[in-house]
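S.K.: Have a look at the structure that comes next, please.
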Amino acid sequence: MKKVILFILLAGFLTTANAQKKSYQEKKAKENTTYIADKMELNKKDSNFLHEVLLEKYTSVSSQIKGNDLSKEEKKAVYKASYSVTSKKLAAQFSKDEIKEIFSLLKEINANSKK
């Protein structure tokens with residue numbers, strides 16, 4: 001039941017999001033999902049679910065941080081809360097080991113993008 005409700009909410013969100021121009025968060029979610037899906041050999045269903053979770057994460061973090069003049073510690077708290085929420089959402093579809101691998105790959109992507 002929770003999965004059905006989540007799917008309906010995500011489908012509604014996608015409909016609204018697709019009507020707008022692609023944002024930085026959408027591009028980042030797509031690139032990261034593609035990279036992770038390739039590395040983990042995810043099927044289309046898992047890949048789509050991961051994309052939705054990452055897009056929601058990036059959009060949420062961006063809205064909490066941008067324009068709010070937060071300190072480094074406040075930003076760190078937002079990122080930490082985001083990690084926790086994202087982990088819980090991913091647990092609906094992935095095992096603990098898969099979630100660890102996803103976050104490890106995300107860390108790898110971020111490290112490579114900073115170079």
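We label chains A, B, ... in the order they appear in the structure tokens, count residues from 1 in each chain, and number ligands from 1 in the order shown.
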Give me, as a list in words, all polymer residues having an atom no more than 12 Å from Leu105 in chain A, counting only C-alpha atoms and skipping those fewer than 6 positions away in the same chain.
M.R.: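 The residues satisfying every condition are Asn32, Thr33, Thr34, Tyr35, Ile36, Ala37, Asp38, Lys39, Met40, Glu98, Ile99, Ala111 and Asn112 of chain A.
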S.K.: With N, CA and C atoms kept, could you save the residues just selected as an mmCIF file, in the first residue's frame?
M.R.:
data_model
loop_
_atom_site.group_PDB
_atom_site.id
_atom_site.type_symbol
_atom_site.label_atom_id
_atom_site.label_comp_id
_atom_site.auth_asym_id
_atom_site.auth_seq_id
_atom_site.Cartn_x
_atom_site.Cartn_y
_atom_site.Cartn_z
ATOM 1 N N ASN A 32 23.521 10.915 -12.160
ATOM 2 C CA ASN A 32 23.895 10.029 -11.061
ATOM 3 C C ASN A 32 23.173 8.687 -11.148
ATOM 4 N N THR A 33 21.899 8.717 -11.516
ATOM 5 C CA THR A 33 21.133 7.481 -11.660
ATOM 6 C C THR A 33 21.719 6.621 -12.771
ATOM 7 N N THR A 34 22.053 7.243 -13.884
ATOM 8 C CA THR A 34 22.635 6.502 -15.004
ATOM 9 C C THR A 34 23.942 5.841 -14.588
ATOM 10 N N TYR A 35 24.784 6.583 -13.913
ATOM 11 C CA TYR A 35 26.077 6.050 -13.459
ATOM 12 C C TYR A 35 25.876 4.870 -12.509
ATOM 13 N N ILE A 36 25.012 5.049 -11.522
ATOM 14 C CA ILE A 36 24.774 4.001 -10.524
ATOM 15 C C ILE A 36 24.108 2.788 -11.166
ATOM 16 N N ALA A 37 23.139 3.016 -12.028
ATOM 17 C CA ALA A 37 22.439 1.910 -12.690
ATOM 18 C C ALA A 37 23.406 1.081 -13.530
ATOM 19 N N ASP A 38 24.338 1.747 -14.190
ATOM 20 C CA ASP A 38 25.337 1.030 -14.979
ATOM 21 C C ASP A 38 26.274 0.220 -14.095
ATOM 22 N N LYS A 39 26.759 0.832 -13.031
ATOM 23 C CA LYS A 39 27.700 0.152 -12.131
ATOM 24 C C LYS A 39 27.049 -1.031 -11.406
ATOM 25 N N MET A 40 25.783 -0.863 -11.006
ATOM 26 C CA MET A 40 25.097 -1.898 -10.233
ATOM 27 C C MET A 40 24.246 -2.815 -11.115
ATOM 28 N N GLU A 98 22.848 -2.914 -0.899
ATOM 29 C CA GLU A 98 22.651 -2.121 -2.112
ATOM 30 C C GLU A 98 22.626 -0.630 -1.790
ATOM 31 N N ILE A 99 22.000 -0.274 -0.684
ATOM 32 C CA ILE A 99 21.946 1.129 -0.275
ATOM 33 C C ILE A 99 23.355 1.639 0.040
ATOM 34 N N ALA A 111 33.263 13.005 -5.522
ATOM 35 C CA ALA A 111 34.720 13.171 -5.457
ATOM 36 C C ALA A 111 35.289 13.429 -6.848
ATOM 37 N N ASN A 112 34.765 12.727 -7.841
ATOM 38 C CA ASN A 112 35.248 12.922 -9.214
ATOM 39 C C ASN A 112 34.847 14.276 -9.779
#
S.K.: Could you give me, as JSON, numbers by chain, the residues within 9 Å of Glu26 in chain A, counting only C-alpha atoms and dropping anything in the same chain fewer than 5 positions from it?
M.R.: {"A": [17, 31, 51, 54, 55, 58, 59]}
S.K.: For Asn48 in chain A, which residue among A:Ser104, A:Ser63, A:Gln93, A:Ser87 is the nearest when counting only C-alpha atoms?
M.R.: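 When distances to Asn48 in chain A are compared using only C-alpha atoms, the smallest one comes from A:Gln93.
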S.K.: In Å, with one decimal, what is the gap from CA of Lys88 in chain A to CA of Ser23 in chain A?
M.R.: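 So the answer is 24.8 Å.
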S.K.: Go through range 49-82 of chain A and collect every residue that DSSP, computed from the backbone, puts in helix (DSSP H, G or I); the answer should be as a ChimeraX atom specification.
M.R.: /A:49-65,72-82
